Each structure stands twice: as C-alpha cells, then as structure tokens.
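Participant: final28.pdb is the file, holding PDB, C-alpha atoms:
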ATOM      1  CA  MET A   1     119.045   5.124 -22.905  1.00  0.00           C
ATOM      2  CA  LYS A   2     121.184   4.164 -19.919  1.00  0.00           C
ATOM      3  CA  LYS A   3     118.026   3.336 -17.936  1.00  0.00           C
ATOM      4  CA  PHE A   4     116.716   1.300 -20.868  1.00  0.00           C
ATOM      5  CA  LEU A   5     119.985  -0.739 -21.111  1.00  0.00           C
ATOM      6  CA  THR A   6     119.917  -1.424 -17.365  1.00  0.00           C
ATOM      7  CA  ILE A   7     116.367  -2.797 -17.655  1.00  0.00           C
ATOM      8  CA  ILE A   8     117.395  -5.016 -20.588  1.00  0.00           C
ATOM      9  CA  ILE A   9     120.450  -6.343 -18.705  1.00  0.00           C
ATOM     10  CA  ILE A  10     118.360  -7.074 -15.593  1.00  0.00           C
ATOM     11  CA  SER A  11     115.714  -8.777 -17.739  1.00  0.00           C
ATOM     12  CA  LEU A  12     118.302 -10.926 -19.537  1.00  0.00           C
ATOM     13  CA  THR A  13     119.950 -11.888 -16.217  1.00  0.00           C
ATOM     14  CA  THR A  14     116.566 -12.875 -14.768  1.00  0.00           C
ATOM     15  CA  LEU A  15     115.680 -14.819 -17.909  1.00  0.00           C
ATOM     16  CA  THR A  16     119.034 -16.641 -17.803  1.00  0.00           C
ATOM     17  CA  PHE A  17     118.560 -17.458 -14.099  1.00  0.00           C
ATOM     18  CA  VAL A  18     115.039 -18.781 -14.738  1.00  0.00           C
ATOM     19  CA  LYS A  19     116.265 -20.782 -17.757  1.00  0.00           C
ATOM     20  CA  CYS A  20     119.066 -22.383 -15.666  1.00  0.00           C
ATOM     21  CA  ASN A  21     116.630 -23.320 -12.926  1.00  0.00           C
ATOM     22  CA  ASP A  22     114.270 -24.814 -15.534  1.00  0.00           C
ATOM     23  CA  ALA A  23     117.139 -26.881 -16.967  1.00  0.00           C
ATOM     24  CA  ASP A  24     118.057 -28.138 -13.477  1.00  0.00           C
ATOM     25  CA  SER A  25     114.411 -29.075 -12.846  1.00  0.00           C
ATOM     26  CA  GLU A  26     114.187 -30.925 -16.163  1.00  0.00           C
ATOM     27  CA  THR A  27     117.384 -32.859 -15.381  1.00  0.00           C
ATOM     28  CA  ALA A  28     116.085 -33.787 -11.915  1.00  0.00           C
ATOM     29  CA  ALA A  29     112.733 -34.829 -13.366  1.00  0.00           C
ATOM     30  CA  ALA A  30     114.439 -37.026 -15.962  1.00  0.00           C
ATOM     31  CA  GLN A  31     116.241 -38.999 -13.222  1.00  0.00           C
ATOM     32  CA  PRO A  32     114.160 -41.560 -11.332  1.00  0.00           C
ATOM     33  CA  ALA A  33     113.465 -40.764  -7.704  1.00  0.00           C
ATOM     34  CA  LYS A  34     115.801 -42.593  -5.351  1.00  0.00           C
ATOM     35  CA  GLU A  35     113.950 -45.186  -3.266  1.00  0.00           C
ATOM     36  CA  ASN A  36     114.161 -45.050   0.486  1.00  0.00           C
ATOM     37  CA  PHE A  37     115.170 -48.461   1.827  1.00  0.00           C
ATOM     38  CA  ALA A  38     115.462 -47.528   5.508  1.00  0.00           C
ATOM     39  CA  GLY A  39     118.972 -46.240   4.898  1.00  0.00           C
ATOM     40  CA  TYR A  40     120.179 -49.332   2.992  1.00  0.00           C
ATOM     41  CA  GLU A  41     121.572 -49.036  -0.522  1.00  0.00           C
ATOM     42  CA  SER A  42     118.949 -51.323  -2.051  1.00  0.00           C
ATOM     43  CA  GLN A  43     115.751 -53.199  -1.316  1.00  0.00           C
ATOM     44  CA  VAL A  44     117.712 -56.475  -1.301  1.00  0.00           C
ATOM     45  CA  LYS A  45     120.200 -55.188   1.313  1.00  0.00           C
ATOM     46  CA  TRP A  46     117.343 -53.944   3.485  1.00  0.00           C
ATOM     47  CA  GLY A  47     115.670 -57.346   3.129  1.00  0.00           C
ATOM     48  CA  GLU A  48     118.881 -59.115   4.123  1.00  0.00           C
ATOM     49  CA  HIS A  49     119.010 -56.978   7.263  1.00  0.00           C
ATOM     50  CA  LEU A  50     115.365 -57.735   8.101  1.00  0.00           C
ATOM     51  CA  VAL A  51     115.874 -61.486   7.594  1.00  0.00           C
ATOM     52  CA  THR A  52     118.846 -61.349   9.970  1.00  0.00           C
ATOM     53  CA  VAL A  53     117.243 -59.305  12.754  1.00  0.00           C
ATOM     54  CA  SER A  54     113.904 -61.133  12.476  1.00  0.00           C
ATOM     55  CA  ALA A  55     115.653 -64.419  13.298  1.00  0.00           C
ATOM     56  CA  CYS A  56     114.662 -66.218  10.075  1.00  0.00           C
ATOM     57  CA  HIS A  57     117.971 -68.098  10.202  1.00  0.00           C
ATOM     58  CA  ASP A  58     117.099 -69.507  13.635  1.00  0.00           C
ATOM     59  CA  CYS A  59     114.751 -72.066  12.061  1.00  0.00           C
ATOM     60  CA  HIS A  60     115.284 -71.905   8.303  1.00  0.00           C
ATOM     61  CA  SER A  61     119.093 -72.246   8.272  1.00  0.00           C
ATOM     62  CA  PRO A  62     120.592 -75.544   9.471  1.00  0.00           C
ATOM     63  CA  LYS A  63     123.364 -75.235  12.058  1.00  0.00           C
ATOM     64  CA  ASP A  64     126.918 -76.488  12.093  1.00  0.00           C
ATOM     65  CA  TYR A  65     128.219 -76.047  15.609  1.00  0.00           C
ATOM     66  CA  SER A  66     131.660 -77.380  14.691  1.00  0.00           C
ATOM     67  CA  LYS A  67     132.404 -73.893  13.332  1.00  0.00           C
ATOM     68  CA  PRO A  68     132.984 -70.934  15.626  1.00  0.00           C
ATOM     69  CA  GLY A  69     130.549 -68.059  15.564  1.00  0.00           C
ATOM     70  CA  SER A  70     126.867 -68.189  14.714  1.00  0.00           C
ATOM     71  CA  GLY A  71     126.743 -71.907  14.005  1.00  0.00           C
ATOM     72  CA  LEU A  72     124.941 -71.267  10.718  1.00  0.00           C
ATOM     73  CA  ASP A  73     125.700 -73.825   8.028  1.00  0.00           C
ATOM     74  CA  SER A  74     126.873 -71.440   5.316  1.00  0.00           C
ATOM     75  CA  ASN A  75     126.337 -74.077   2.603  1.00  0.00           C
ATOM     76  CA  HIS A  76     122.626 -74.364   3.412  1.00  0.00           C
ATOM     77  CA  LEU A  77     121.511 -70.868   4.424  1.00  0.00           C
ATOM     78  CA  LEU A  78     117.712 -70.591   4.476  1.00  0.00           C
ATOM     79  CA  SER A  79     117.274 -74.037   2.892  1.00  0.00           C
ATOM     80  CA  GLY A  80     115.132 -75.338   5.778  1.00  0.00           C
ATOM     81  CA  TYR A  81     115.141 -78.819   7.256  1.00  0.00           C
ATOM     82  CA  ILE A  82     117.841 -80.973   5.644  1.00  0.00           C
ATOM     83  CA  GLY A  83     117.326 -84.291   7.403  1.00  0.00           C
ATOM     84  CA  SER A  84     118.723 -84.004  10.897  1.00  0.00           C
ATOM     85  CA  PRO A  85     117.252 -86.753  13.093  1.00  0.00           C
ATOM     86  CA  VAL A  86     114.052 -85.853  14.891  1.00  0.00           C
ATOM     87  CA  PRO A  87     114.585 -86.383  18.629  1.00  0.00           C
ATOM     88  CA  ALA A  88     113.563 -89.830  19.846  1.00  0.00           C
ATOM     89  CA  VAL A  89     111.058 -88.554  22.363  1.00  0.00           C
ATOM     90  CA  ASN A  90     107.682 -89.715  23.495  1.00  0.00           C
ATOM     91  CA  ARG A  91     105.723 -87.617  21.024  1.00  0.00           C
ATOM     92  CA  LYS A  92     102.572 -87.712  23.100  1.00  0.00           C
ATOM     93  CA  ASP A  93     104.475 -86.242  26.064  1.00  0.00           C
ATOM     94  CA  ALA A  94     106.161 -83.650  23.845  1.00  0.00           C
ATOM     95  CA  GLN A  95     102.782 -82.703  22.410  1.00  0.00           C
ATOM     96  CA  THR A  96     101.165 -82.231  25.810  1.00  0.00           C
ATOM     97  CA  LYS A  97     103.998 -81.205  28.162  1.00  0.00           C
ATOM     98  CA  GLY A  98     106.475 -79.343  26.000  1.00  0.00           C
ATOM     99  CA  TRP A  99     108.354 -79.207  22.762  1.00  0.00           C
ATOM    100  CA  ALA A 100     111.354 -81.032  21.357  1.00  0.00           C
ATOM    101  CA  VAL A 101     113.603 -79.762  18.588  1.00  0.00           C
ATOM    102  CA  THR A 102     116.307 -81.191  16.322  1.00  0.00           C
ATOM    103  CA  SER A 103     119.914 -80.285  17.095  1.00  0.00           C
ATOM    104  CA  ASP A 104     120.056 -77.923  14.116  1.00  0.00           C
ATOM    105  CA  LEU A 105     116.769 -76.218  15.115  1.00  0.00           C
ATOM    106  CA  THR A 106     115.011 -76.944  11.806  1.00  0.00           C
ATOM    107  CA  SER A 107     112.347 -79.384  13.018  1.00  0.00           C
ATOM    108  CA  TRP A 108     110.006 -79.168  15.984  1.00  0.00           C
ATOM    109  CA  VAL A 109     107.783 -81.625  17.845  1.00  0.00           C
ATOM    110  CA  GLY A 110     104.787 -80.150  19.627  1.00  0.00           C
ATOM    111  CA  PRO A 111     100.980 -80.165  19.826  1.00  0.00           C
ATOM    112  CA  TRP A 112     100.776 -79.834  16.027  1.00  0.00           C
ATOM    113  CA  GLY A 113     102.848 -82.999  15.461  1.00  0.00           C
ATOM    114  CA  ILE A 114     106.225 -82.629  13.746  1.00  0.00           C
ATOM    115  CA  GLY A 115     106.927 -79.512  11.717  1.00  0.00           C
ATOM    116  CA  TYR A 116     109.839 -78.889   9.379  1.00  0.00           C
ATOM    117  CA  ALA A 117     111.291 -75.480   8.481  1.00  0.00           C
ATOM    118  CA  ALA A 118     110.592 -74.579   4.854  1.00  0.00           C
ATOM    119  CA  ASN A 119     113.159 -73.941   2.146  1.00  0.00           C
ATOM    120  CA  LEU A 120     113.185 -70.156   1.623  1.00  0.00           C
ATOM    121  CA  THR A 121     115.898 -70.076  -1.054  1.00  0.00           C
ATOM    122  CA  SER A 122     115.283 -69.036  -4.636  1.00  0.00           C
ATOM    123  CA  ASP A 123     115.204 -72.629  -5.901  1.00  0.00           C
ATOM    124  CA  ASP A 124     112.323 -72.999  -8.391  1.00  0.00           C
ATOM    125  CA  SER A 125     111.210 -76.523  -7.531  1.00  0.00           C
ATOM    126  CA  THR A 126     111.761 -76.763  -3.758  1.00  0.00           C
ATOM    127  CA  GLY A 127     112.032 -73.151  -2.598  1.00  0.00           C
ATOM    128  CA  ILE A 128     110.269 -69.881  -3.425  1.00  0.00           C
ATOM    129  CA  GLY A 129     111.881 -69.298  -6.812  1.00  0.00           C
ATOM    130  CA  THR A 130     108.580 -69.263  -8.718  1.00  0.00           C
ATOM    131  CA  TRP A 131     106.651 -67.297  -6.093  1.00  0.00           C
ATOM    132  CA  LYS A 132     105.308 -63.817  -6.736  1.00  0.00           C
ATOM    133  CA  GLU A 133     105.467 -61.091  -4.120  1.00  0.00           C
ATOM    134  CA  GLU A 134     101.710 -61.320  -3.405  1.00  0.00           C
ATOM    135  CA  ARG A 135     102.027 -64.999  -2.538  1.00  0.00           C
ATOM    136  CA  PHE A 136     104.785 -64.332  -0.014  1.00  0.00           C
ATOM    137  CA  ILE A 137     102.835 -61.497   1.583  1.00  0.00           C
ATOM    138  CA  ASN A 138      99.754 -63.738   1.841  1.00  0.00           C
ATOM    139  CA  ALA A 139     101.815 -66.445   3.580  1.00  0.00           C
ATOM    140  CA  ILE A 140     103.000 -63.999   6.219  1.00  0.00           C
ATOM    141  CA  ARG A 141      99.844 -61.903   6.607  1.00  0.00           C
ATOM    142  CA  ASN A 142      97.463 -64.879   6.818  1.00  0.00           C
ATOM    143  CA  GLY A 143      99.692 -67.716   8.050  1.00  0.00           C
ATOM    144  CA  LYS A 144      99.126 -69.874   4.981  1.00  0.00           C
ATOM    145  CA  TYR A 145     101.519 -72.594   3.834  1.00  0.00           C
ATOM    146  CA  ASN A 146     102.828 -71.928   0.320  1.00  0.00           C
ATOM    147  CA  GLY A 147     101.114 -68.539   0.433  1.00  0.00           C
ATOM    148  CA  MET A 148      97.950 -70.142  -0.897  1.00  0.00           C
ATOM    149  CA  SER A 149      94.684 -69.182   0.826  1.00  0.00           C
ATOM    150  CA  SER A 150      93.287 -72.666   0.241  1.00  0.00           C
ATOM    151  CA  ASP A 151      96.302 -74.396   1.816  1.00  0.00           C
ATOM    152  CA  ARG A 152      96.888 -75.449   5.431  1.00  0.00           C
ATOM    153  CA  ASN A 153      97.839 -73.058   8.206  1.00  0.00           C
ATOM    154  CA  LEU A 154     101.483 -72.603   9.130  1.00  0.00           C
ATOM    155  CA  ILE A 155     102.528 -74.504  12.249  1.00  0.00           C
ATOM    156  CA  PRO A 156     102.661 -72.388  15.434  1.00  0.00           C
ATOM    157  CA  VAL A 157     106.469 -72.440  15.592  1.00  0.00           C
ATOM    158  CA  MET A 158     106.459 -70.038  12.626  1.00  0.00           C
ATOM    159  CA  PRO A 159     105.816 -66.657  14.320  1.00  0.00           C
ATOM    160  CA  TRP A 160     103.742 -65.233  11.476  1.00  0.00           C
ATOM    161  CA  VAL A 161     101.353 -63.680  14.010  1.00  0.00           C
ATOM    162  CA  MET A 162     104.183 -61.265  14.858  1.00  0.00           C
ATOM    163  CA  TYR A 163     105.602 -60.942  11.346  1.00  0.00           C
ATOM    164  CA  LYS A 164     102.194 -60.101   9.872  1.00  0.00           C
ATOM    165  CA  ASN A 165     102.583 -56.690  11.528  1.00  0.00           C
ATOM    166  CA  MET A 166     105.487 -55.785   9.254  1.00  0.00           C
ATOM    167  CA  THR A 167     104.773 -53.103   6.679  1.00  0.00           C
ATOM    168  CA  ASP A 168     104.239 -53.997   3.039  1.00  0.00           C
ATOM    169  CA  GLU A 169     107.577 -52.347   2.265  1.00  0.00           C
ATOM    170  CA  GLU A 170     109.375 -54.529   4.826  1.00  0.00           C
ATOM    171  CA  LEU A 171     107.775 -57.722   3.508  1.00  0.00           C
ATOM    172  CA  LYS A 172     108.608 -56.724  -0.072  1.00  0.00           C
ATOM    173  CA  ALA A 173     112.237 -56.131   0.945  1.00  0.00           C
ATOM    174  CA  ILE A 174     112.429 -59.536   2.653  1.00  0.00           C
ATOM    175  CA  PHE A 175     110.954 -61.186  -0.432  1.00  0.00           C
ATOM    176  CA  ALA A 176     113.410 -59.352  -2.722  1.00  0.00           C
ATOM    177  CA  TYR A 177     116.286 -60.632  -0.615  1.00  0.00           C
ATOM    178  CA  LEU A 178     114.990 -64.217  -0.507  1.00  0.00           C
ATOM    179  CA  LYS A 179     114.594 -64.183  -4.309  1.00  0.00           C
ATOM    180  CA  SER A 180     118.253 -63.095  -4.574  1.00  0.00           C
ATOM    181  CA  THR A 181     119.591 -66.008  -2.503  1.00  0.00           C
ATOM    182  CA  LYS A 182     121.550 -68.926  -3.899  1.00  0.00           C
ATOM    183  CA  PRO A 183     119.041 -71.586  -4.993  1.00  0.00           C
ATOM    184  CA  ILE A 184     119.425 -74.736  -2.934  1.00  0.00           C
ATOM    185  CA  LYS A 185     117.470 -77.792  -4.032  1.00  0.00           C
ATOM    186  CA  ASN A 186     116.052 -79.241  -0.823  1.00  0.00           C
ATOM    187  CA  LYS A 187     112.624 -80.811  -0.645  1.00  0.00           C
ATOM    188  CA  VAL A 188     111.317 -80.428   2.892  1.00  0.00           C
ATOM    189  CA  PRO A 189     108.882 -83.131   4.091  1.00  0.00           C
ATOM    190  CA  PRO A 190     105.299 -82.215   4.967  1.00  0.00           C
ATOM    191  CA  PRO A 191     104.436 -81.957   8.653  1.00  0.00           C
ATOM    192  CA  ALA A 192     103.511 -85.133  10.501  1.00  0.00           C
ATOM    193  CA  PRO A 193     100.161 -84.997  12.299  1.00  0.00           C
ATOM    194  CA  PRO A 194     100.033 -85.306  16.081  1.00  0.00           C
ATOM    195  CA  VAL A 195      99.797 -88.753  17.628  1.00  0.00           C
ATOM    196  CA  GLN A 196      96.405 -89.588  19.060  1.00  0.00           C
TER     197      GLN A 196
END
Step by step, read the file and then write its structure as structure tokens.
Facilitator:
Amino acid sequence: MKKFLTIIIISLTTLTFVKCNDADSETAAAQPAKENFAGYESQVKWGEHLVTVSACHDCHSPKDYSKPGSGLDSNHLLSGYIGSPVPAVNRKDAQTKGWAVTSDLTSWVGPWGIGYAANLTSDDSTGIGTWKEERFINAIRNGKYNGMSSDRNLIPVMPWVMYKNMTDEELKAIFAYLKSTKPIKNKVPPPAPPVQ
C-alpha cells in the first residue's frame, strides 16, 4: 500500500508539473511574438535611426544655420526643397565641370539640370502620406520618382544605388518612420532639364 501511494503521489506531481508547463506554453502562445527591430523599441524608432544615419536629412531637410548644432530647420524636417534661391551660376559650366548647390542643400545643379529634394513627410497631397510600402520600396530599389515604375528616374544626387542594398526590413522601418512624421504641405517643383 505504501508503495502504491508513493506511485500515486509521484504521478500526481508529474501530472501537475506537466499541466503547469502546458499552461505556461498556452499563455506564451496567446501573446504575439515580439518583433526584433535591431534593438529599438519599435519599427518607427528603428526607422528614425536609419533616416538619421543614412543622411536623409542632408538633402531632404532644409537648413537654418542661424541656430547652433546640426543646422536642421526643425519646422521643415524632411519637407524637401522649400524655395531657397538656386545659385546664380553658369549652368552649362556647372553641368560639365562640377555641381552647385543651394545654401540649404535641398537643390542641386549638375549634368541632369536642376534637381529638388522631395518632400518625404506624411502630407497626403505633397508628401508620401498616401503611399503604400511597396511604392516606397520600388522608389528605392529601382530609382523611380514617386515609386512608380513608369515614372522618370531619380536624379543622381539621390544615392538610391547605395540605399537599394538595404534589407526589406530596413526599408519598411524607414517607411514606417516617414509615415509617422508631421505632415508638411510643401509642393516641390519638378526638375529642370539641363541646358543645351
């Protein structure tokens, strides 16, 4: 009888242990798996980091050098060209001998003509507010303006030939961040063709 009770107690303990482990597994399965965003708390935060270290602000954020620090115009972050005067240079010389750039680094004169940095904010009418992720990825992977395969190529100042090597996850994080930005209504002019 004593041996029989010992077997029952061991069996009940094992059953209880197995039941507890099953309950823990069910609880873990009920919770969604935590995403890995390269150590950042969210996809948006990872995207913000990538936008910063990939130098997107260099061209797409106007500058205000009257403020100490980065010179970024905090009222127009990622809104693209906002009308700073294009340098009064001999465009033919700039197109054949070198480049010229506006003081806020948002417009460039070169062999392609004059190019203007695009508005990357979440504004629906002048930025990327209505874009889908696939459109953004197509713009970067294939160097297409507006992310449309039938549209013109991006001007060479946009280093998409380097950025196209980012992973899908990195591009998705960048897009998630750009979609979270403050919408800034700013219609950027189309590029001007080169002078003959």
Participant: Rounded to one decimal, what separation in Å do you get between atom CA of A:Gln43 and atom CA of A:Asp123?
Facilitator: 20.0 Å
Participant: Closest to A:Gly113 among A:Thr181, A:Pro190, A:Asp151, A:Asn138, using all atoms listed in the file?
Facilitator: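 Closest to A:Gly113 of all the choices is A:Pro190.
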Participant: Taking only C-alpha atoms into account, name the residue in A:Val157, A:Gly129, A:Ser61, A:Ala139 that is nearest to A:Trp99.
Facilitator: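 Once distances to A:Trp99 are computed over only C-alpha atoms, the minimum belongs to A:Val157.
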Participant: Report as a PDB file with C-alpha atoms, keeping the file's coordinate frame the full result of the PyMOL selection byres ((chain A and resi 116) around 7) when it is applied to this structure.
Facilitator:
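Done, and the output landed in result.pdb:
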ATOM      1  CA  TYR A  81     115.141 -78.819   7.256  1.00  0.00           C
ATOM      2  CA  THR A 106     115.011 -76.944  11.806  1.00  0.00           C
ATOM      3  CA  SER A 107     112.347 -79.384  13.018  1.00  0.00           C
ATOM      4  CA  TRP A 108     110.006 -79.168  15.984  1.00  0.00           C
ATOM      5  CA  ILE A 114     106.225 -82.629  13.746  1.00  0.00           C
ATOM      6  CA  GLY A 115     106.927 -79.512  11.717  1.00  0.00           C
ATOM      7  CA  ALA A 117     111.291 -75.480   8.481  1.00  0.00           C
ATOM      8  CA  ALA A 118     110.592 -74.579   4.854  1.00  0.00           C
ATOM      9  CA  VAL A 188     111.317 -80.428   2.892  1.00  0.00           C
ATOM     10  CA  PRO A 189     108.882 -83.131   4.091  1.00  0.00           C
ATOM     11  CA  PRO A 191     104.436 -81.957   8.653  1.00  0.00           C
TER      12      PRO A 191
END
Participant: With all atoms listed in the file as the atoms that count, which of A:Lys187, A:Lys45, A:His76, A:Lys97 lies nearest to A:Ala173?
Facilitator: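 Going through A:Lys187, A:Lys45, A:His76, A:Lys97 one by one, the smallest distance to A:Ala173 is for A:Lys45.
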Participant: For this file, the PyMOL selection byres ((chain A and resi 104) around 12) selects which residues, as an mmCIF file with C-alpha atoms, in the frame of the given file?
Facilitator:
data_model
loop_
_atom_site.group_PDB
_atom_site.id
_atom_site.type_symbol
_atom_site.label_atom_id
_atom_site.label_comp_id
_atom_site.auth_asym_id
_atom_site.auth_seq_id
_atom_site.Cartn_x
_atom_site.Cartn_y
_atom_site.Cartn_z
ATOM 1 C CA HIS A 57 117.971 -68.098 10.202
ATOM 2 C CA ASP A 58 117.099 -69.507 13.635
ATOM 3 C CA CYS A 59 114.751 -72.066 12.061
ATOM 4 C CA HIS A 60 115.284 -71.905 8.303
ATOM 5 C CA SER A 61 119.093 -72.246 8.272
ATOM 6 C CA PRO A 62 120.592 -75.544 9.471
ATOM 7 C CA LYS A 63 123.364 -75.235 12.058
ATOM 8 C CA ASP A 64 126.918 -76.488 12.093
ATOM 9 C CA TYR A 65 128.219 -76.047 15.609
ATOM 10 C CA SER A 66 131.660 -77.380 14.691
ATOM 11 C CA SER A 70 126.867 -68.189 14.714
ATOM 12 C CA GLY A 71 126.743 -71.907 14.005
ATOM 13 C CA LEU A 72 124.941 -71.267 10.718
ATOM 14 C CA ASP A 73 125.700 -73.825 8.028
ATOM 15 C CA HIS A 76 122.626 -74.364 3.412
ATOM 16 C CA GLY A 80 115.132 -75.338 5.778
ATOM 17 C CA TYR A 81 115.141 -78.819 7.256
ATOM 18 C CA ILE A 82 117.841 -80.973 5.644
ATOM 19 C CA GLY A 83 117.326 -84.291 7.403
ATOM 20 C CA SER A 84 118.723 -84.004 10.897
ATOM 21 C CA PRO A 85 117.252 -86.753 13.093
ATOM 22 C CA VAL A 86 114.052 -85.853 14.891
ATOM 23 C CA PRO A 87 114.585 -86.383 18.629
ATOM 24 C CA ALA A 100 111.354 -81.032 21.357
ATOM 25 C CA VAL A 101 113.603 -79.762 18.588
ATOM 26 C CA THR A 102 116.307 -81.191 16.322
ATOM 27 C CA SER A 103 119.914 -80.285 17.095
ATOM 28 C CA LEU A 105 116.769 -76.218 15.115
ATOM 29 C CA THR A 106 115.011 -76.944 11.806
ATOM 30 C CA SER A 107 112.347 -79.384 13.018
ATOM 31 C CA TRP A 108 110.006 -79.168 15.984
ATOM 32 C CA TYR A 116 109.839 -78.889 9.379
ATOM 33 C CA ALA A 117 111.291 -75.480 8.481
#
Participant: Could you tell me how far atom CA of A:Asn119 lies from atom CA of A:Ile184, in Å and to one decimal?
Facilitator: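 The value is 8.1 Å.
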Participant: So, counting only C-alpha atoms, which residue among A:Cys56, A:Ala88, A:Leu50, A:Ile128 is closest to A:Asn186?
Facilitator: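 Smallest distance to A:Asn186 is found for A:Ile128.
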Participant: Within 12 Å of A:Thr130, counting all atoms listed in the file, which residues show up once you throw out same-chain ones fewer than 4 positions away? Write them as a VMD selection string, please.
Facilitator: chain A and resid 120 to 126 134 to 136 146 to 147 175 178 to 179 183
Participant: Nearest to A:Lys185: which of A:Glu35, A:Gly127, A:Gly110, A:Glu41 is it, counting all atoms listed in the file?
Facilitator: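 Using all atoms listed in the file, the shortest distance to A:Lys185 belongs to A:Gly127.
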Participant: Would you translate the PyMOL selection byres ((chain A and resi 140) around 12) into the concrete set of residues it matches in this file, as a PyMOL selection string?
Facilitator: chain A and resi 133-139+141-149+153-154+158-168+170-172+174-175
Participant: Ranking A:Ile155, A:Ala38, A:Val51, A:Val109 by minimum distance to A:Ala176 and counting only C-alpha atoms, which one comes first?
Facilitator: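 Nearest candidate to A:Ala176 out of A:Ile155, A:Ala38, A:Val51, A:Val109: A:Val51.
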Participant: Enter the distance from atom CA of A:Ala192 to atom CA of A:Arg91, in Å, rounded to one decimal.
Facilitator: 11.0 Å
